[in-house]
Structure formats: C-alpha cells, structure tokens
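What follows is the content of start24.tsv (TSV, C-alpha atoms and all ligand atoms).
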```
chain	number	residue	atom	x	y	z
S	1	MET	CA	0.00	0.00	0.00
S	2	LEU	CA	1.27	3.43	-0.89
S	3	THR	CA	0.74	5.83	2.01
S	4	ASP	CA	1.21	9.58	1.53
S	5	GLN	CA	4.40	9.26	3.57
S	6	LEU	CA	5.85	6.53	1.32
S	7	ARG	CA	4.83	8.42	-1.83
S	8	ASN	CA	6.63	11.45	-0.45
S	9	ILE	CA	9.76	9.37	0.14
S	10	VAL	CA	9.94	7.79	-3.32
S	11	GLU	CA	9.23	11.10	-5.01
S	12	ARG	CA	11.68	13.16	-2.99
S	13	MET	CA	14.57	10.74	-2.56
S	14	PRO	CA	17.67	11.46	-4.66
S	15	LYS	CA	17.94	9.01	-7.56
S	16	ALA	CA	19.71	8.22	-10.82
S	17	GLU	CA	17.90	7.31	-14.03
S	18	LEU	CA	19.82	4.81	-16.19
S	19	HIS	CA	17.31	3.69	-18.83
S	20	ILE	CA	15.70	6.53	-20.75
S	21	HIS	CA	15.60	6.79	-24.54
S	22	ILE	CA	15.71	10.50	-25.25
S	23	GLU	CA	13.53	10.06	-28.37
S	24	GLY	CA	11.01	8.39	-26.06
S	25	SER	CA	10.70	11.59	-24.02
S	26	LEU	CA	9.26	13.52	-26.98
S	27	GLU	CA	5.76	14.51	-25.84
S	28	PRO	CA	2.99	14.75	-28.47
S	29	GLU	CA	2.80	18.54	-27.97
S	30	LEU	CA	6.49	18.87	-28.83
S	31	ILE	CA	6.11	16.47	-31.79
S	32	PHE	CA	3.38	18.73	-33.20
S	33	ALA	CA	5.31	21.95	-32.51
S	34	MET	CA	8.43	20.57	-34.23
S	35	ALA	CA	6.42	19.16	-37.16
S	36	GLN	CA	4.97	22.63	-37.70
S	37	ARG	CA	8.25	24.53	-37.45
S	38	ASN	CA	10.04	22.00	-39.69
S	39	GLY	CA	7.25	21.52	-42.26
S	40	VAL	CA	7.04	17.78	-41.57
S	41	SER	CA	3.63	16.17	-42.14
S	42	LEU	CA	2.31	13.72	-39.57
S	43	ALA	CA	-0.12	10.83	-40.03
S	44	TYR	CA	-2.27	12.17	-37.13
S	45	PRO	CA	-4.49	15.29	-37.31
S	46	SER	CA	-4.04	16.38	-33.65
S	47	VAL	CA	-2.14	15.91	-30.40
S	48	GLU	CA	-5.16	14.01	-29.03
S	49	ALA	CA	-5.32	11.70	-32.06
S	50	LEU	CA	-1.62	10.94	-31.69
S	51	ARG	CA	-2.01	10.19	-27.98
S	52	GLN	CA	-4.95	7.91	-28.79
S	53	ALA	CA	-2.64	5.86	-31.02
S	54	TYR	CA	-0.50	4.99	-27.98
S	55	ALA	CA	-2.30	1.66	-27.44
S	56	PHE	CA	0.48	-0.87	-27.83
S	57	THR	CA	0.23	-4.64	-27.96
S	58	ASP	CA	3.96	-5.45	-27.88
S	59	LEU	CA	7.41	-3.92	-28.40
S	60	GLN	CA	7.14	-3.73	-32.21
S	61	SER	CA	3.76	-1.96	-32.17
S	62	PHE	CA	5.37	0.70	-29.94
S	63	LEU	CA	8.57	1.00	-31.99
S	64	ASP	CA	6.58	1.73	-35.20
S	65	ILE	CA	4.98	4.81	-33.57
S	66	TYR	CA	8.17	5.80	-31.72
S	67	TYR	CA	10.20	5.98	-34.97
S	68	ALA	CA	7.37	7.94	-36.67
S	69	GLY	CA	7.39	10.45	-33.77
S	70	ALA	CA	11.17	10.92	-34.04
S	71	SER	CA	10.82	11.91	-37.72
S	72	VAL	CA	10.07	15.55	-36.71
S	73	LEU	CA	13.61	15.99	-35.30
S	74	LEU	CA	15.74	17.79	-37.87
S	75	THR	CA	17.84	20.61	-36.39
S	76	GLU	CA	20.34	20.84	-33.54
S	77	GLN	CA	17.79	23.05	-31.74
S	78	ASP	CA	15.20	20.23	-31.97
S	79	PHE	CA	17.59	17.79	-30.27
S	80	TYR	CA	18.49	20.44	-27.69
S	81	ASP	CA	14.84	21.26	-26.90
S	82	MET	CA	13.85	17.58	-26.57
S	83	THR	CA	16.74	16.88	-24.18
S	84	ALA	CA	16.27	20.08	-22.16
S	85	ALA	CA	12.56	19.22	-21.68
S	86	TYR	CA	13.44	15.72	-20.40
S	87	LEU	CA	16.13	17.00	-18.03
S	88	ALA	CA	13.81	19.66	-16.58
S	89	ARG	CA	11.24	16.93	-15.90
S	90	ALA	CA	13.87	14.61	-14.43
S	91	HIS	CA	15.13	17.43	-12.18
S	92	ALA	CA	11.58	17.90	-10.86
S	93	ASP	CA	11.60	14.17	-9.97
S	94	ASN	CA	14.83	14.61	-7.96
S	95	VAL	CA	16.96	12.80	-10.50
S	96	ARG	CA	20.55	13.80	-9.67
S	97	HIS	CA	22.22	11.79	-12.43
S	98	ALA	CA	20.91	10.49	-15.78
S	99	GLU	CA	22.52	8.19	-18.34
S	100	ILE	CA	20.57	8.91	-21.51
S	101	PHE	CA	20.24	6.64	-24.56
S	102	PHE	CA	20.07	8.11	-28.03
S	103	ASP	CA	19.49	6.33	-31.37
S	104	PRO	CA	21.59	8.09	-34.02
S	105	GLN	CA	20.62	5.66	-36.80
S	106	THR	CA	16.97	6.76	-36.53
S	107	HIS	CA	18.14	10.21	-37.61
S	108	THR	CA	21.11	9.59	-39.92
S	109	ALA	CA	18.87	7.28	-42.02
S	110	ARG	CA	16.69	10.38	-42.69
S	111	GLY	CA	19.70	12.47	-43.74
S	112	VAL	CA	20.24	14.27	-40.40
S	113	PRO	CA	24.00	14.54	-39.80
S	114	PHE	CA	25.40	12.63	-36.79
S	115	GLU	CA	26.91	15.83	-35.38
S	116	THR	CA	23.53	17.62	-35.42
S	117	VAL	CA	22.11	14.87	-33.22
S	118	ILE	CA	24.94	14.58	-30.72
S	119	ASN	CA	25.72	18.29	-30.49
S	120	GLY	CA	22.11	19.22	-29.68
S	121	ILE	CA	21.67	16.48	-27.08
S	122	SER	CA	25.07	16.98	-25.52
S	123	ARG	CA	24.72	20.79	-25.23
S	124	ALA	CA	21.43	20.36	-23.34
S	125	CYS	CA	23.18	17.95	-20.96
S	126	HIS	CA	25.88	20.54	-20.27
S	127	ASP	CA	23.30	23.25	-19.57
S	128	SER	CA	21.33	21.14	-17.06
S	129	PRO	CA	21.69	21.09	-13.26
S	130	VAL	CA	21.29	17.29	-13.50
S	131	SER	CA	24.53	15.35	-14.01
S	132	ALA	CA	23.88	13.81	-17.44
S	133	GLN	CA	25.85	11.43	-19.67
S	134	LEU	CA	25.04	9.82	-23.03
S	135	ILE	CA	24.96	6.21	-24.20
S	136	MET	CA	24.74	5.67	-27.96
S	137	CYS	CA	22.49	2.75	-28.96
S	138	PHE	CA	22.74	0.60	-32.06
S	139	LEU	CA	19.43	-0.46	-33.62
S	140	ARG	CA	19.47	-4.25	-33.51
S	141	HIS	CA	17.00	-4.67	-36.41
S	142	LEU	CA	19.72	-3.19	-38.66
S	143	SER	CA	22.96	-4.95	-39.64
S	144	GLU	CA	26.20	-5.08	-37.68
S	145	GLU	CA	27.93	-3.33	-40.61
S	146	GLU	CA	25.58	-0.36	-40.11
S	147	ALA	CA	26.36	-0.37	-36.37
S	148	ILE	CA	30.11	-0.34	-37.17
S	149	ALA	CA	29.61	2.59	-39.56
S	150	THR	CA	27.73	4.44	-36.79
S	151	LEU	CA	30.58	3.85	-34.33
S	152	GLU	CA	32.96	5.28	-36.95
S	153	ASP	CA	30.71	8.36	-37.38
S	154	ALA	CA	30.80	8.75	-33.60
S	155	ALA	CA	34.58	8.48	-33.21
S	156	PRO	CA	35.27	12.25	-33.62
S	157	HIS	CA	32.72	12.85	-30.81
S	158	ARG	CA	34.20	10.27	-28.42
S	159	ASP	CA	34.30	12.85	-25.60
S	160	LYS	CA	30.51	13.40	-25.77
S	161	PHE	CA	29.32	9.89	-24.79
S	162	ILE	CA	30.36	7.31	-22.23
S	163	GLY	CA	29.07	4.06	-23.65
S	164	VAL	CA	27.15	2.08	-26.23
S	165	GLY	CA	23.94	0.07	-25.96
S	166	LEU	CA	21.68	-2.12	-28.06
S	167	ASP	CA	17.96	-1.46	-28.53
S	168	SER	CA	14.97	-1.84	-30.90
S	169	SER	CA	13.32	-5.16	-31.90
S	170	GLU	CA	14.81	-7.80	-29.61
S	171	VAL	CA	13.46	-11.20	-30.68
S	172	GLY	CA	15.30	-12.51	-33.76
S	173	HIS	CA	18.20	-10.08	-33.24
S	174	PRO	CA	20.30	-11.76	-30.53
S	175	PRO	CA	23.30	-10.09	-28.87
S	176	GLU	CA	25.83	-12.25	-30.79
S	177	LYS	CA	24.84	-10.43	-34.01
S	178	PHE	CA	26.78	-7.42	-32.61
S	179	ALA	CA	29.89	-9.15	-31.20
S	180	ARG	CA	32.41	-7.28	-33.38
S	181	VAL	CA	31.04	-3.78	-32.89
S	182	PHE	CA	30.91	-4.26	-29.10
S	183	ASP	CA	34.53	-5.50	-29.17
S	184	ARG	CA	35.49	-2.35	-31.04
S	185	ALA	CA	33.58	-0.14	-28.58
S	186	ARG	CA	35.37	-1.86	-25.69
S	187	GLU	CA	38.73	-1.12	-27.33
S	188	LEU	CA	37.69	2.54	-27.39
S	189	GLY	CA	37.19	2.41	-23.60
S	190	LEU	CA	33.42	2.78	-23.81
S	191	HIS	CA	31.00	1.34	-21.25
S	192	LEU	CA	28.79	-1.44	-22.62
S	193	VAL	CA	25.11	-2.17	-21.97
S	194	ALA	CA	22.38	-4.00	-23.93
S	195	HIS	CA	18.63	-4.51	-23.81
S	196	ALA	CA	18.07	-8.21	-23.09
S	197	GLY	CA	15.34	-10.30	-21.51
S	198	GLU	CA	12.58	-7.74	-22.16
S	199	GLU	CA	10.74	-9.87	-24.76
S	200	GLY	CA	13.72	-12.09	-25.52
S	201	PRO	CA	14.61	-15.26	-23.54
S	202	PRO	CA	17.15	-15.58	-20.68
S	203	ALA	CA	19.71	-16.88	-23.22
S	204	TYR	CA	19.88	-13.33	-24.65
S	205	ILE	CA	20.89	-12.04	-21.19
S	206	ARG	CA	23.60	-14.70	-20.90
S	207	ASN	CA	24.92	-13.96	-24.39
S	208	ALA	CA	24.92	-10.21	-23.75
S	209	LEU	CA	27.20	-10.93	-20.76
S	210	ASP	CA	29.40	-13.63	-22.33
S	211	ILE	CA	29.68	-12.39	-25.92
S	212	LEU	CA	29.17	-8.62	-25.71
S	213	ASN	CA	30.75	-8.27	-22.23
S	214	VAL	CA	28.11	-5.80	-21.10
S	215	GLU	CA	28.29	-4.27	-17.63
S	216	ARG	CA	24.52	-3.79	-17.17
S	217	ILE	CA	21.41	-5.41	-18.61
S	218	ASP	CA	18.56	-3.16	-19.74
S	219	HIS	CA	15.24	-4.69	-18.61
S	220	GLY	CA	16.41	-8.26	-17.87
S	221	VAL	CA	13.11	-9.10	-16.16
S	222	ARG	CA	12.88	-12.50	-17.86
S	223	CYS	CA	16.01	-13.64	-15.95
S	224	LEU	CA	13.76	-15.18	-13.29
S	225	GLU	CA	12.88	-17.97	-15.74
S	226	ASP	CA	16.45	-19.28	-15.32
S	227	PRO	CA	17.59	-19.89	-11.71
S	228	LEU	CA	21.24	-20.49	-12.69
S	229	LEU	CA	21.31	-17.16	-14.52
S	230	VAL	CA	19.80	-15.42	-11.48
S	231	GLU	CA	22.52	-16.95	-9.29
S	232	ARG	CA	25.15	-15.55	-11.62
S	233	LEU	CA	23.57	-12.08	-11.87
S	234	VAL	CA	23.47	-11.93	-8.06
S	235	ARG	CA	27.04	-13.25	-7.66
S	236	GLU	CA	28.41	-10.78	-10.22
S	237	GLN	CA	26.05	-7.99	-9.04
S	238	VAL	CA	25.07	-7.20	-12.64
S	239	PRO	CA	22.59	-4.30	-12.53
S	240	LEU	CA	19.19	-4.58	-14.25
S	241	THR	CA	17.56	-1.33	-15.43
S	242	VAL	CA	13.91	-2.21	-14.93
S	243	CYS	CA	11.10	-0.10	-16.44
S	244	PRO	CA	7.78	-0.96	-14.73
S	245	LEU	CA	5.30	1.16	-16.74
S	246	SER	CA	6.97	0.15	-20.03
S	247	ASN	CA	6.61	-3.52	-19.08
S	248	ILE	CA	2.86	-3.09	-18.53
S	249	LYS	CA	2.24	-0.99	-21.67
S	250	LEU	CA	4.18	-3.47	-23.83
S	251	ARG	CA	2.51	-6.42	-22.08
S	252	VAL	CA	5.61	-8.04	-20.65
S	253	PHE	CA	3.39	-8.36	-17.52
S	254	ASP	CA	-0.43	-8.23	-17.60
S	255	VAL	CA	-0.82	-5.81	-14.69
S	256	MET	CA	1.53	-4.02	-12.29
S	257	GLY	CA	0.46	-6.34	-9.46
S	258	LYS	CA	2.16	-9.15	-11.39
S	259	HIS	CA	5.44	-7.29	-12.03
S	260	ASN	CA	8.47	-9.11	-10.62
S	261	LEU	CA	10.32	-6.04	-9.22
S	262	ARG	CA	9.86	-7.14	-5.60
S	263	ASP	CA	11.08	-10.69	-6.43
S	264	LEU	CA	14.16	-9.29	-8.17
S	265	LEU	CA	15.02	-7.26	-5.05
S	266	ASP	CA	14.31	-10.20	-2.71
S	267	LYS	CA	16.75	-12.35	-4.68
S	268	GLY	CA	19.51	-9.77	-4.20
S	269	LEU	CA	19.58	-8.55	-7.79
S	270	VAL	CA	20.73	-4.95	-8.37
S	271	ALA	CA	17.39	-3.82	-9.81
S	272	THR	CA	16.77	-0.14	-10.57
S	273	VAL	CA	13.60	1.76	-11.58
S	274	ASN	CA	13.53	3.77	-14.80
S	275	SER	CA	11.09	5.29	-17.31
S	276	ASP	CA	12.31	3.87	-20.69
S	277	ASP	CA	10.11	6.04	-22.97
S	278	PRO	CA	8.21	8.34	-20.59
S	279	ALA	CA	6.17	10.22	-23.21
S	280	TYR	CA	4.76	6.94	-24.52
S	281	PHE	CA	4.32	4.81	-21.40
S	282	GLY	CA	2.41	7.12	-19.08
S	283	GLY	CA	5.07	8.67	-16.97
S	284	TYR	CA	8.50	9.81	-15.88
S	285	VAL	CA	10.67	8.07	-13.31
S	286	ASN	CA	8.64	9.07	-10.24
S	287	ASP	CA	5.45	7.84	-11.96
S	288	ASN	CA	7.23	4.49	-12.35
S	289	TYR	CA	8.16	4.37	-8.66
S	290	VAL	CA	4.63	5.36	-7.61
S	291	ALA	CA	2.93	2.82	-9.91
S	292	ALA	CA	5.19	0.00	-8.69
S	293	PHE	CA	4.87	0.95	-5.00
S	294	GLU	CA	1.07	1.23	-5.34
S	295	ALA	CA	0.69	-2.24	-6.82
S	296	LEU	CA	3.43	-4.25	-5.09
S	297	PRO	CA	4.37	-5.02	-1.47
S	298	LEU	CA	7.21	-2.49	-1.36
S	299	ASP	CA	8.11	-0.29	1.62
S	300	ALA	CA	10.62	2.41	2.60
S	301	SER	CA	13.44	-0.16	2.88
S	302	HIS	CA	12.87	-1.08	-0.78
S	303	ALA	CA	12.79	2.60	-1.74
S	304	LYS	CA	16.19	3.08	-0.10
S	305	GLN	CA	17.58	-0.04	-1.79
S	306	LEU	CA	16.35	1.17	-5.20
S	307	ALA	CA	17.83	4.65	-4.69
S	308	LYS	CA	21.17	3.11	-3.65
S	309	ASN	CA	21.07	0.64	-6.55
S	310	SER	CA	20.51	3.48	-9.04
S	311	PHE	CA	23.79	5.13	-8.04
S	312	THR	CA	25.72	1.88	-7.49
S	313	ALA	CA	24.79	0.82	-11.04
S	314	ALA	CA	25.72	4.18	-12.59
S	315	PHE	CA	28.89	4.79	-14.61
S	316	LEU	CA	30.18	7.39	-12.16
S	317	GLU	CA	33.67	7.98	-10.80
S	318	PRO	CA	34.04	6.32	-7.36
S	319	GLU	CA	34.18	9.71	-5.64
S	320	GLN	CA	30.96	10.95	-7.29
S	321	LYS	CA	29.29	7.63	-6.52
S	322	ARG	CA	30.23	7.90	-2.85
S	323	ALA	CA	28.87	11.47	-2.71
S	324	PHE	CA	25.51	10.47	-4.22
S	325	LEU	CA	25.25	7.40	-1.96
S	326	ALA	CA	25.97	9.63	1.05
S	327	GLU	CA	23.11	11.89	-0.12
S	328	VAL	CA	20.80	8.85	-0.12
S	329	GLU	CA	21.92	7.90	3.42
S	330	SER	CA	21.35	11.42	4.68
S	331	PHE	CA	17.90	11.61	3.02
S	332	PHE	CA	16.80	8.37	4.69
S	333	ALA	CA	18.29	9.41	8.05
S	334	GLN	CA	15.94	12.42	7.91
S	335	HIS	CA	12.97	10.32	6.66
S	336	PRO	CA	13.08	7.17	8.82
S	401	LIG	N1	13.75	1.66	-27.96
S	401	LIG	C1	13.07	2.53	-27.20
S	401	LIG	N2	12.50	1.87	-26.18
S	401	LIG	C2	12.83	0.55	-26.30
S	401	LIG	C3	12.57	-0.61	-25.55
S	401	LIG	N3	11.81	-0.60	-24.45
S	401	LIG	N4	13.07	-1.78	-25.99
S	401	LIG	C4	13.81	-1.82	-27.09
S	401	LIG	N5	14.09	-0.74	-27.82
S	401	LIG	C5	13.62	0.45	-27.43
S	402	ZN	ZN	14.63	0.71	-23.44
```

Encoding of this model in structure tokens:
Amino acid sequence: MLTDQLRNIVERMPKAELHIHIEGSLEPELIFAMAQRNGVSLAYPSVEALRQAYAFTDLQSFLDIYYAGASVLLTEQDFYDMTAAYLARAHADNVRHAEIFFDPQTHTARGVPFETVINGISRACHDSPVSAQLIMCFLRHLSEEEAIATLEDAAPHRDKFIGVGLDSSEVGHPPEKFARVFDRARELGLHLVAHAGEEGPPAYIRNALDILNVERIDHGVRCLEDPLLVERLVREQVPLTVCPLSNIKLRVFDVMGKHNLRDLLDKGLVATVNSDDPAYFGGYVNDNYVAAFEALPLDASHAKQLAKNSFTAAFLEPEQKRAFLAEVESFFAQHP
C-alpha cells in the first residue's frame, strides 16, 4: 500500500535514471510543434489523435509509432529542446544523475548529420543542473555493418558519450549479431550495456554478458525464468535497469500487481527503476516508482535499496558515486 508518507519518500529521494531513450521523451505537444516549425507532415491530425494511437500490444507496435514520432527531429535546436525538456522533468523528480540513450541511426537514415544529433543532445546535458551522460544505442534490427559505420561516425565525438547500448526489436536479433562492434567499442574504452530479456529469452541475457561483455542489462526481467542465470547475476552484481510502466504498456506483464520487481530485489539482484520512454508509457521516473509501489508489497526499505542501486549501477567515478550514496543515506536518516 502506498501511504502519503511513502509516496513522499519515493518522489523526494535522490535518484539516478539509467534507462531513458531520449527520443522516447518527446511529448505529443512537442512532436506537433516541431512538425509545424520544420514543415514535416504527420499521419495524425491532432495531439489528441496521436495520444490515442499509444495503445500498444507489444514492443514492435510501440517502436513503429516511436520511430514515426522521431521523424520531426531535424535541427540541432530540436535535439536540444527535446533533451532540455526531459532534463527539466527529471530534475523535478529529484533525478541527480541520468545516463541517456540516443538512437543516431533513426536520424542519420533520414539524412540528419550525426553531429547535429549529438551536439544538440550533448549541449542540453551541459546546460542542465542534472549530471547527465550519453549512451549511444545501435538499432538491432539493422545490420552489424551499419552499427560499425555508426561507431565510426561517432569516433570524432568520443568525448561526448560514455558508452554504447543495443535497442529496438529484440526477438530474432540476438546479442551475438553485434559481437564485433561491441569488441570495437570496448577497445575505445566505452561502457557497454544492452537490452536483453525484455521480450527475448534468458539466453539473450547470458549472451549479452558472455559475448558482448556488457556491464549492465537493460530490462532483464525474464532472468527469473532461469535460476542459474539469477545466481550468476546476483554473484556478479550485474545491474538490471527495470522499467515498470513500459513492461505493462508493452505487455511483458499483464498488470503491475504481477510485475516481478519485488522478487528481483528479494533475490539480491541490483534492480533499478527507470522510465524507458516516458512520453509513450504514461510517466516519468517518479510515476514508475509510484505505480510499482502502489501495486506491489514495497516499503521504505525497498525505496532506499532502489535509490542506492541506481547510483551503485551508474557509470560514475568512485568519488561521485560515494557522494551520491551519502546523499541517499542522509535523506533516509531524515525520513526514517
Ligand atoms: N527503444 C526505445 N525503447 C525501447 C525498448 N523498451 N526496448 C527496445 N528498444 C527500445
Ligand atoms: Zn529501453
């Protein structure tokens, strides 16, 4: 049960957000404003009609609309405005640190230069009071050659992002398809993450660890189907960036009351709470905490664990990590 006191705690506690696709933060109002200023035509007559179309049945049905929404992004200012809007919203949710995914291939395929994308997003990160870093994702429905070409495009901008990830349609595009490009990214000193075990089986999580050498698993909720894998994830303390509202909207779980977040925590997994694509799934990170805490048997001790996990799992320097974790301790000392 979510009391007012517990809601206050989860909303006000300092937290990191580690699984947010910046293109998934583009609200329908901003999509329409950008379409108008850029002369892009949309398949929907109004903001309301677009919102009505957000009735997804699975990951692919969402991705089709998500890529259509991103088609309004053309100029560096568009990428700046989208990112600044997300960071302002994250700041209001007491997010102290965000590691933000972006999908350059969605834009370069439409003729938008790579530097337009990364310069706009990265400038907004610099201008924000939230500590913000970027993770460049490869679209797994495209070829590994295209991912390698994207990493080459990104090389001159190496200082503007901290890692690479793997997103888009999971089933049928296993981690091993991207072995070479992840090896190359590792040689460049980049952090490595991958979506796995969202719709795909536990074997995708294992292969992301063994073949891609990722440091975190995005989603990973299907790990519970494989007890040996769970044992390993606990032993190696591999973080999972869980996205509760996304999992309900894309029907990974039928209802929030059946989400496995509490089980993941009980097993000692480093689970974190994140928004994934907040404009499409009904809320930002605090909405995800509130929805999960309303539906599941979670209390203040779980809130503290999740806040700590979010910073433990972050790609922060040890000193910054210690400072954020101390902030969590001090918050909970004042809110026992
Ligand atoms: N791209 C944006 N959101 C995604 C998700 N939840 N899974 C895979 N790819 C995505
Ligand atoms: Zn995602």

Checklist entry - Which residues sit within 8 Å of ligand LIG 401 (chain S), counting only C-alpha atoms and all ligand atoms, listed as a ChimeraX atom specification? => result /S:20-21,23-24,59,63,66,139,166-170,195,198,219,246,276-277

Checklist entry - How far is it from atom CA of Val171 of chain S to atom CA of Ala196 of chain S, in Å with one decimal? => result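 We find that atom CA of Val171 of chain S and atom CA of Ala196 of chain S lie 9.4 Å from each other.
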
Using all atoms listed in the file, what does the table of segment 183-252 of chain S residues within 12 Å of segment 1-19 of chain S look like, with each row giving the shortest atom pair and its distance in Å to one decimal, sorted by chain and ascending number, as a Markdown table?
```
| residue | atom | partner | partner_atom | distance |
| --- | --- | --- | --- | --- |
| S:Val193 | CA | S:His19 | CA | 10.2 |
| S:Ala194 | CA | S:His19 | CA | 10.5 |
| S:His195 | CA | S:His19 | CA | 9.7 |
| S:Arg216 | CA | S:Leu18 | CA | 9.8 |
| S:Ile217 | CA | S:His19 | CA | 10.0 |
| S:Asp218 | CA | S:His19 | CA | 7.0 |
| S:His219 | CA | S:His19 | CA | 8.6 |
| S:Pro239 | CA | S:Leu18 | CA | 10.2 |
| S:Leu240 | CA | S:Leu18 | CA | 9.6 |
| S:Thr241 | CA | S:His19 | CA | 6.1 |
| S:Val242 | CA | S:His19 | CA | 7.8 |
| S:Cys243 | CA | S:His19 | CA | 7.7 |
| S:Pro244 | CA | S:His19 | CA | 11.4 |
| S:Ser246 | CA | S:His19 | CA | 11.0 |
```

Next on the checklist: Around the point (26.7, -7.2, -39.4) (coordinates from the file), which residues reach within 12 Å if we count all atoms listed in the file? Answer as a ChimeraX atom specification.
Outcome noted: /S:138-150,173-182

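For His302 of chain S, the non-local neighbours within 12 Å, defined as residues at least 2 positions apart in the same chain or in other chains and counting all atoms listed in the file, are S:Leu6, S:Ile9, S:Val10, S:Leu261, S:Arg262, S:Asp263, S:Leu264, S:Leu265, S:Asp266, S:Gly268, S:Val270, S:Ala271, S:Thr272, S:Val273, S:Tyr289, S:Ala292, S:Phe293, S:Leu296, S:Pro297, S:Leu298, S:Asp299, S:Ala300, S:Lys304, S:Gln305, S:Leu306, S:Ala307, S:Lys308, S:Asn309, S:Phe332.
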
Would you compute the box with edges along x, y and z of the file around segment 17-23 of chain S, including every atom the file lists for it and 8 Å extra on each side, and give its centre and edge lengths in Å to one decimal, as AutoDock Vina command-line options?
```
--center_x 16.7 --center_y 7.1 --center_z -21.2 --size_x 22.3 --size_y 22.8 --size_z 30.3
```
